[in-house]
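Peer 1: Below you will find the structure I want to go over with you.
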2 protein chains.
Amino acid sequence: MTLRYELLATDGAARRGRVHARHGTIETPAFMPVGTYGTVKAMTPEELEGLGAEIVLGNTFHLMLRPGAATVAELGGLHRFMHWSRPILTDSGGFQVFSLAKLRKMDEQGVRFRSPVDGAEVHLTPESSMDVQRALGSDIAMMFDDCTAWPATHAQAQASMERSMRWARRCKTHYYRDAVPGDLFGIVQGGMYDDLRLASLDSLLELDLPGLAVGGLAVGEPEPERLRVLETVVPRMPRDRPRYLMGVGRPEDIVAAVLRGIDMFDCVMPTRHARNGHLFTSTGVINIRNAAHQKDPNPVDPSCACYTCRNYSRAYLRHLDRCNEILGARLNTIHNLHFYLDLMQQLREAIGAGRIDAFARDFMAARRSEPPVA
Amino acid sequence: MTLRYELLATDGAARRGRVHARHGTIETPAFMPVGTYGTVKAMTPEELEGLGAEIVLGNTFHLMLRPGAATVAELGGLHRFMHWSRPILTDSGGFQVFSLAKLRKMDEQGVRFRSPVDGAEVHLTPESSMDVQRALGSDIAMMFDDCTAWPATHAQAQASMERSMRWARRCKTHYYRDAVPGDLFGIVQGGMYDDLRLASLDSLLELDLPGLAVGGLAVGEPEPERLRVLETVVPRMPRDRPRYLMGVGRPEDIVAAVLRGIDMFDCVMPTRHARNGHLFTSTGVINIRNAAHQKDPNPVDPSCACYTCRNYSRAYLRHLDRCNEILGARLNTIHNLHFYLDLMQQLREAIGAGRIDAFARDFMAARRSEPPVA
């Protein structure tokens with residue numbers, strides 16, 4: 001175990017910290033841009049660094065299909081392949097397989113599915129997921145879990161969680177069997193049931209992993225359910241390990257989760273929204289495709305310091321989007337990632353200064369103060 | 001007339017010079033990346049500058065349809081709209097209208113066509129083309145011409161050329177009617193007929209325009225025909241004005257035209273080829289989609305100093321292309337534009353050093369030395 005978490009300050013349940021990983025240090029709370037196929041869509045690594053990204057997420061499911069883990073390994077690992085020298089976290093592939101729904105067959109051994117790329121049968125197991133993530137060389141590998149659907153009965157959620165916990169043990173054994181490129185995080189499951197969540201956490205604590213995630217959220221459940229699960233689980237998570245909330249989410253969701261003690265986040269929202277013309281501002285989300293922006297000489301957000309807002313008008317961004325220009329996707333992505341990464345910076349400062357409650361209140365109020373410009 | 005051409009050196013017919021335009025100086029021979037819709041596809045202005053681009057081309061036809069010349073003018077002109085502070089040349093729209101073939105109706109007044117964007121009828125005339133280019137605010141506007149098809153009989157080419165020359169006078173009168181944002185170039189037409197080309201040049205010389213282009217080439221004619229036209233026309237073009245060969249072309253074509261005294265070039269080839277995975281190297285063009293590159297850890301061109309070749313393998317570029325990733329289009333475009341702009345730099349140095357013939361011989365030999373890697 002080489003990964004280490006350093007707690008710098010707390011403010012209520014919120015934590016200001018630092019994750020020391022093989023390829024560098026990550027100031028937390030941190031947001032991880034998603035680089036599905038070994039590229040954060042539309043961005044170079046240098047641009048990501050310039051925006052303050054200290055870690056990116058790679059998708060095991062996608063990379064094992066294209067270009068394949070063996071190819072990445074032959075080419076020196078994912079860092080070298082994608083020209084990113086800072087930390088990388090890879091997911092386990094479990095969530096994507098879960099999303100395949102009826103195209104998959106799951107049993108105690110693992111999951112069988114048809115590759116959406118070439119139709120070949122793929123068998124993903126706790127062991128093969130570990131093999132792929134080791135081959136990719138990520139700093140942080142995630143255990144292969146059975147992501148519980150929502151809604152689920154208590155019995156369904158329990159069976160699913162217990163399988164995940166059996167898989168967690170297999171993952172740890174297989175991942176740490178010899179010299180490793182990084183470290184393995186566990187994932188708390190249990191659906192919306194507090195007793196199952198706590199049982200899952202207890203199982204994982206026995207494995208003494210260097211970091212823990214909360215999984216199985218942002219799968220359709222109402223927000224109060226998600227917050228209740230966090231309030232149940234997070235206070236019992238080890239104080240000296242990073243806590244990662246998988247796949248969440250909107251800026252408001254991130255603020256709410258930081259208030260409850262989460263340290264790490266990932267979400268496709270800033271990058272995917274960007275490509276669809278949805279841009280984040282301090283007062284909400286605007287749709288750059290709206291005709292209202294046709295002749296608007298103003299930037300997306302006058303208070304934003306990003307490259308896009310410093311140099312381009314809403315009118316130009318709308319024009320690029322309308323003409324399906326690659327530069328449009330780029331400029332929008334820069335803006336949205338800047339919004340997320342700047343938010344994390346502000347959250348870290350607020351925690352350090354002991355004013356996270358005031359910050360969160362102001363943040364939420366500004367976003368409610370006016371309806372989306374649309 | 002504010003545009004000025006400075007002749008720095010000659011080497012045979014080849015010229016090393018400098019065009020002084022409103023928004024800056026252009027070292028010639030120069031290549032102009034094509035920015036059809038107010039963006040050189042996939043690139044930021046800062047990246048273009050970093051690659052050595054000193055002027056870009058904007059397409060009047062496209063910009064008048066989206067976002068419209070009035071909108072660009074309201075937003076401060078094309079430079080400000082697209083965040084490019086150096087010179088811009090705009091074409092006249094004539095060539096694109098010519099490409100519409102049967103969708104257009106042409107008479108002495110101008111051309112009527114249906115907008116491919118929304119089906120609305122558009123009337124493009126020498127006067128309206130000048131109005132659009134003035135509204136865009138380009139440093140160099142091109143006269144609206146009737147681009148002669150290939151092949152054409154002598155009678156067809158003569159009628160077309162003579163119409164272009166009548167339009168040239170209307171363009172000059174209308175463009176220079178009051179304060180102007182830039183300067184107007186004439187376009188020599190006349191198909192593949194030497195007498196018509198020379199008659200066209202004589203007509204234009206009467207108008208005393210600050211620069212002249214050779215148009216109506218790269219429309220399907222055999223290479224010897226194109227070179228013969230250049231050898232007929234270029235020696236008779238004014239020595240103190242820049243000479244622009246429109247829409248040409250392959251690196252070999254550019255070298256051949258520089259040898260014959262051309263100063264300025266534009267072509268979509270480097271950017272369009274990039275998006276199709278065709279990458280220029282010192283020995284030819286490779287297709288990055290080829291399976292041969294699947295696990296190739298080498299850069300596109302080991303002798304290339306561009307950002308792409310310094311940091312990424314052929315295997316990674318092939319992977320990005322296969323996954324249709326925006327970064328692939330970006331990295332390929334950077335490489336291809338670097339190839340073109342670096343070639344121009346080498347041509348300028350060779351002319352300055354009096355070794356253009358040797359340079360051209362070596363350049364052609366290297367590209368013939370091995371077949372395309374495919």
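Ordering of the structure tokens sets the chain letters (A, B, ...), residue numbers begin anew at 1 in every chain, and ligands are numbered from 1 in the order given.
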Could you write out as a list of chain:residue names the residues of chain B within 7 Å of chain A, counting only C-alpha atoms?
Peer 2: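 So the contacting residues turn out to be B:Lys41, B:Ala42, B:Met43, B:Pro67, B:Thr71, B:Leu75, B:Phe81, B:His83, B:Lys295, B:Pro297, B:Asn311, B:Tyr312, B:Tyr316, B:His319, B:Glu325, B:Ile326, B:Leu327.
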Peer 1: I need the chosen residues saved as a compact mmCIF listing (two decimals), in the first residue's frame, with C-alpha atoms.
Peer 2:
# COMPACT_ATOMS: atom_id res chain seq x y z
CA LYS B 41 -11.16 23.40 -37.90
CA ALA B 42 -10.09 21.97 -34.51
CA MET B 43 -7.58 24.76 -33.77
CA PRO B 67 -23.77 33.50 -38.97
CA THR B 71 -23.96 39.56 -37.40
CA LEU B 75 -19.88 41.74 -33.24
CA PHE B 81 -15.46 37.36 -33.68
CA HIS B 83 -10.28 35.99 -31.73
CA LYS B 295 0.84 -1.15 -31.76
CA PRO B 297 5.09 3.17 -30.44
CA ASN B 311 4.29 13.34 -27.35
CA TYR B 312 2.14 10.70 -29.03
CA TYR B 316 -2.43 6.32 -29.82
CA HIS B 319 -6.82 4.56 -31.32
CA GLU B 325 -12.19 11.22 -30.47
CA ILE B 326 -11.94 14.98 -30.96
CA LEU B 327 -8.37 14.92 -29.68
Peer 1: Taking the DSSP secondary structure from the backbone, can you list the residues of region 203-247 of chain B that are helix (DSSP H, G or I), as a list in words?
Peer 2: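 Checking each residue of region 203-247 of chain B, the helix (DSSP H, G or I) ones are Ser203, Leu204, Leu205, Glu206, Leu207, Glu223, Pro224, Glu225, Arg226, Leu227, Arg228, Val229, Leu230, Glu231, Thr232, Val233, Val234, Pro235 and Arg236 of chain B.
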Peer 1: Go ahead and save the picked residues with C-alpha atoms, as a PDB file, in the first residue's frame.
Peer 2:
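See part_25.pdb below for the written result:
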ATOM      1  CA  SER B 203      -7.276  43.730 -67.907  1.00  0.00           C
ATOM      2  CA  LEU B 204      -6.363  43.450 -64.265  1.00  0.00           C
ATOM      3  CA  LEU B 205      -3.163  45.433 -64.634  1.00  0.00           C
ATOM      4  CA  GLU B 206      -5.300  48.361 -65.819  1.00  0.00           C
ATOM      5  CA  LEU B 207      -7.074  48.266 -62.461  1.00  0.00           C
ATOM      6  CA  GLU B 223      -0.464  19.039 -63.622  1.00  0.00           C
ATOM      7  CA  PRO B 224       1.515  19.981 -66.794  1.00  0.00           C
ATOM      8  CA  GLU B 225      -1.351  22.272 -67.841  1.00  0.00           C
ATOM      9  CA  ARG B 226      -1.340  23.971 -64.456  1.00  0.00           C
ATOM     10  CA  LEU B 227       2.408  24.497 -64.545  1.00  0.00           C
ATOM     11  CA  ARG B 228       2.263  25.847 -68.101  1.00  0.00           C
ATOM     12  CA  VAL B 229      -0.374  28.411 -67.095  1.00  0.00           C
ATOM     13  CA  LEU B 230       1.820  29.508 -64.190  1.00  0.00           C
ATOM     14  CA  GLU B 231       4.848  29.760 -66.453  1.00  0.00           C
ATOM     15  CA  THR B 232       2.844  31.888 -68.875  1.00  0.00           C
ATOM     16  CA  VAL B 233       1.240  34.213 -66.369  1.00  0.00           C
ATOM     17  CA  VAL B 234       3.523  34.635 -63.359  1.00  0.00           C
ATOM     18  CA  PRO B 235       6.571  36.148 -65.115  1.00  0.00           C
ATOM     19  CA  ARG B 236       4.301  38.920 -66.395  1.00  0.00           C
TER      20      ARG B 236
END
Peer 1: Pick out the residues sitting within 12 Å of Arg114 (chain A), and hand them over as a list in words; count only C-alpha atoms, and ignore anything fewer than 2 positions along from it in its own chain.
Peer 2: Phe61, Leu65, Val97, Leu100, Ala101, Lys102, Leu103, Arg104, Lys105, Val111, Arg112, Pro116, Val117, Asp118, Gly119, Ala120, Glu121, Val122, His123 and Leu124 of chain A
Peer 1: Next, write the just-selected residues to a file, as a compact mmCIF listing (two decimals), in the first residue's frame, keeping N, CA and C atoms as the atom set.
Peer 2:
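Result went into selection.txt, see below:
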# COMPACT_ATOMS: atom_id res chain seq x y z
N PHE A 61 -13.78 -0.66 -18.77
CA PHE A 61 -14.67 -1.31 -19.74
C PHE A 61 -14.34 -0.88 -21.17
N LEU A 65 -11.83 -2.93 -24.37
CA LEU A 65 -12.36 -3.23 -25.69
C LEU A 65 -11.56 -2.52 -26.79
N VAL A 97 -20.88 -2.49 -17.28
CA VAL A 97 -21.49 -3.79 -17.53
C VAL A 97 -22.92 -3.79 -16.99
N LEU A 100 -25.32 -2.39 -19.31
CA LEU A 100 -25.68 -3.18 -20.48
C LEU A 100 -26.99 -3.92 -20.29
N ALA A 101 -27.44 -3.98 -19.00
CA ALA A 101 -28.72 -4.58 -18.66
C ALA A 101 -28.88 -5.97 -19.26
N LYS A 102 -29.79 -6.12 -20.23
CA LYS A 102 -30.14 -7.48 -20.68
C LYS A 102 -29.10 -8.11 -21.57
N LEU A 103 -28.08 -7.36 -21.96
CA LEU A 103 -27.06 -7.92 -22.83
C LEU A 103 -26.01 -8.71 -22.05
N ARG A 104 -26.19 -8.84 -20.73
CA ARG A 104 -25.16 -9.48 -19.93
C ARG A 104 -25.74 -10.68 -19.16
N LYS A 105 -24.85 -11.58 -18.77
CA LYS A 105 -25.23 -12.70 -17.89
C LYS A 105 -24.31 -12.67 -16.70
N VAL A 111 -19.20 -11.65 -14.99
CA VAL A 111 -20.20 -11.23 -15.96
C VAL A 111 -19.73 -11.60 -17.35
N ARG A 112 -20.64 -12.15 -18.15
CA ARG A 112 -20.38 -12.39 -19.57
C ARG A 112 -21.21 -11.43 -20.38
N PRO A 116 -19.80 -4.42 -27.38
CA PRO A 116 -20.55 -3.53 -28.28
C PRO A 116 -19.69 -3.10 -29.47
N VAL A 117 -18.39 -3.35 -29.44
CA VAL A 117 -17.51 -2.93 -30.54
C VAL A 117 -17.53 -3.97 -31.66
N ASP A 118 -17.29 -5.25 -31.29
CA ASP A 118 -17.19 -6.26 -32.36
C ASP A 118 -18.03 -7.51 -32.10
N GLY A 119 -18.85 -7.49 -31.03
CA GLY A 119 -19.75 -8.61 -30.80
C GLY A 119 -19.10 -9.82 -30.14
N ALA A 120 -17.78 -9.76 -29.91
CA ALA A 120 -17.09 -10.89 -29.29
C ALA A 120 -17.56 -11.06 -27.84
N GLU A 121 -17.60 -12.33 -27.35
CA GLU A 121 -17.99 -12.54 -25.96
C GLU A 121 -16.84 -12.15 -25.04
N VAL A 122 -17.16 -11.38 -24.01
CA VAL A 122 -16.17 -10.94 -23.03
C VAL A 122 -16.59 -11.45 -21.66
N HIS A 123 -15.63 -11.94 -20.89
CA HIS A 123 -15.89 -12.42 -19.55
C HIS A 123 -15.15 -11.50 -18.60
N LEU A 124 -15.91 -10.76 -17.79
CA LEU A 124 -15.28 -9.85 -16.84
C LEU A 124 -15.53 -10.38 -15.44
Peer 1: Hey, can you check how far CA of Ile88 (chain B) sits from CA of Ala14 (chain B)?
Peer 2: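 Going from CA of Ile88 (chain B) over to CA of Ala14 (chain B) covers 23.9 Å.
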Peer 1: When you look at region 278-286 of chain B with a cut-off of 9 Å (counting only C-alpha atoms), what residues show up, excluding the ones that are within fewer than 2 positions of it in the same chain? I need them as a PyMOL selection string.
Peer 2: chain B and resi 251+270+272-276+288-290+300-301+303-304+332-333+335-336+339-340+363-374
Peer 1: Could you tell me how far CA of Gln158 (chain B) sits from CA of Asp202 (chain B), in Å to one decimal place?
Peer 2: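 So the answer is 13.9 Å.
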Peer 1: For region 1-4 of chain B, please output as a list in words all residues within 8 Å (counting only C-alpha atoms; exclusion window: fewer than 4 positions along the same chain).
Peer 2: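 Once the adjacent positions are removed, what remains is Val19, His20, Ala21, Arg22, Gly182, Asp183, Pro210 and Arg241 of chain B.
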Peer 1: With C-alpha atoms retained, could you export that selection as a PDB file, in the first residue's frame?
Peer 2:
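The result, written out as out-v3.pdb:
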ATOM      1  CA  VAL B  19       3.372  41.317 -47.276  1.00  0.00           C
ATOM      2  CA  HIS B  20       2.538  44.226 -45.002  1.00  0.00           C
ATOM      3  CA  ALA B  21      -1.196  44.122 -44.289  1.00  0.00           C
ATOM      4  CA  ARG B  22      -3.358  46.039 -41.824  1.00  0.00           C
ATOM      5  CA  GLY B 182      -8.336  46.218 -46.244  1.00  0.00           C
ATOM      6  CA  ASP B 183      -7.397  45.769 -49.862  1.00  0.00           C
ATOM      7  CA  PRO B 210      -2.410  45.753 -54.755  1.00  0.00           C
ATOM      8  CA  ARG B 241       2.777  42.904 -55.805  1.00  0.00           C
TER       9      ARG B 241
END
Peer 1: Check the DSSP output for the backbone and give back, as a PyMOL selection string, the residues of region 34-273 of chain B in strand (DSSP E or B).
Peer 2: chain B and resi 34-35+56-58+88-90+104-106+111-114+121-124+140-142+183-188+211-214+243-245+264-266
Peer 1: Would you export the selected residues with C-alpha atoms as a short mmCIF file (atom, residue, chain, number, x, y, z; two decimals), in the first residue's frame, please?
Peer 2:
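The result, written out as again11.cif:
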data_model
loop_
_atom_site.label_atom_id
_atom_site.label_comp_id
_atom_site.auth_asym_id
_atom_site.auth_seq_id
_atom_site.Cartn_x
_atom_site.Cartn_y
_atom_site.Cartn_z
CA VAL B 34 -8.45 27.67 -44.23
CA GLY B 35 -10.92 28.82 -41.57
CA VAL B 56 -5.80 32.64 -42.28
CA LEU B 57 -8.45 32.43 -44.97
CA GLY B 58 -12.16 32.87 -44.28
CA ILE B 88 -7.30 37.53 -42.73
CA LEU B 89 -7.93 36.94 -46.41
CA THR B 90 -11.48 36.23 -47.51
CA ARG B 104 -27.30 28.13 -59.31
CA LYS B 105 -28.36 30.58 -62.00
CA MET B 106 -25.75 32.94 -63.33
CA VAL B 111 -25.46 34.47 -59.24
CA ARG B 112 -28.70 33.31 -57.65
CA PHE B 113 -28.72 30.15 -55.58
CA ARG B 114 -30.56 28.42 -52.79
CA GLU B 121 -32.71 32.35 -52.22
CA VAL B 122 -29.41 34.21 -52.12
CA HIS B 123 -28.19 36.68 -54.73
CA LEU B 124 -24.44 37.06 -54.88
CA ILE B 140 -7.42 41.05 -48.17
CA ALA B 141 -10.67 40.75 -50.09
CA MET B 142 -10.85 38.80 -53.34
CA ASP B 183 -7.40 45.77 -49.86
CA LEU B 184 -8.69 43.99 -52.94
CA PHE B 185 -6.87 41.39 -55.01
CA GLY B 186 -7.68 40.60 -58.63
CA ILE B 187 -7.94 37.07 -60.02
CA VAL B 188 -6.49 36.01 -63.37
CA GLY B 211 -2.20 42.02 -55.33
CA LEU B 212 -3.11 39.42 -57.93
CA ALA B 213 -4.17 35.81 -57.76
CA VAL B 214 -4.20 33.01 -60.27
CA ARG B 243 1.02 36.64 -56.21
CA TYR B 244 -1.47 34.18 -54.81
CA LEU B 245 -2.26 30.75 -56.27
CA MET B 264 0.78 32.85 -51.28
CA PHE B 265 -1.19 29.62 -50.99
CA ASP B 266 -4.29 28.23 -49.34
#
Peer 1: Write out as a list in words which residues come within 9 Å of Gln156 (chain A) when counting only C-alpha atoms, dropping same-chain ones fewer than 6 positions away.
Peer 2: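 My list of contacting residues is Thr148, Ala149 and Gly191 of chain A.
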Peer 1: Please list as a count of residues only every residue within 10 Å of Val180 (chain B), counting only C-alpha atoms and excluding residues in the same chain fewer than 4 positions away.
Peer 2: 10
Peer 1: What separation in Å, quoted to one decimal, exists between CA of Glu252 (chain B) and CA of Val219 (chain B)?
Peer 2: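 Taking CA of Glu252 (chain B) and CA of Val219 (chain B), their separation equals 16.5 Å.
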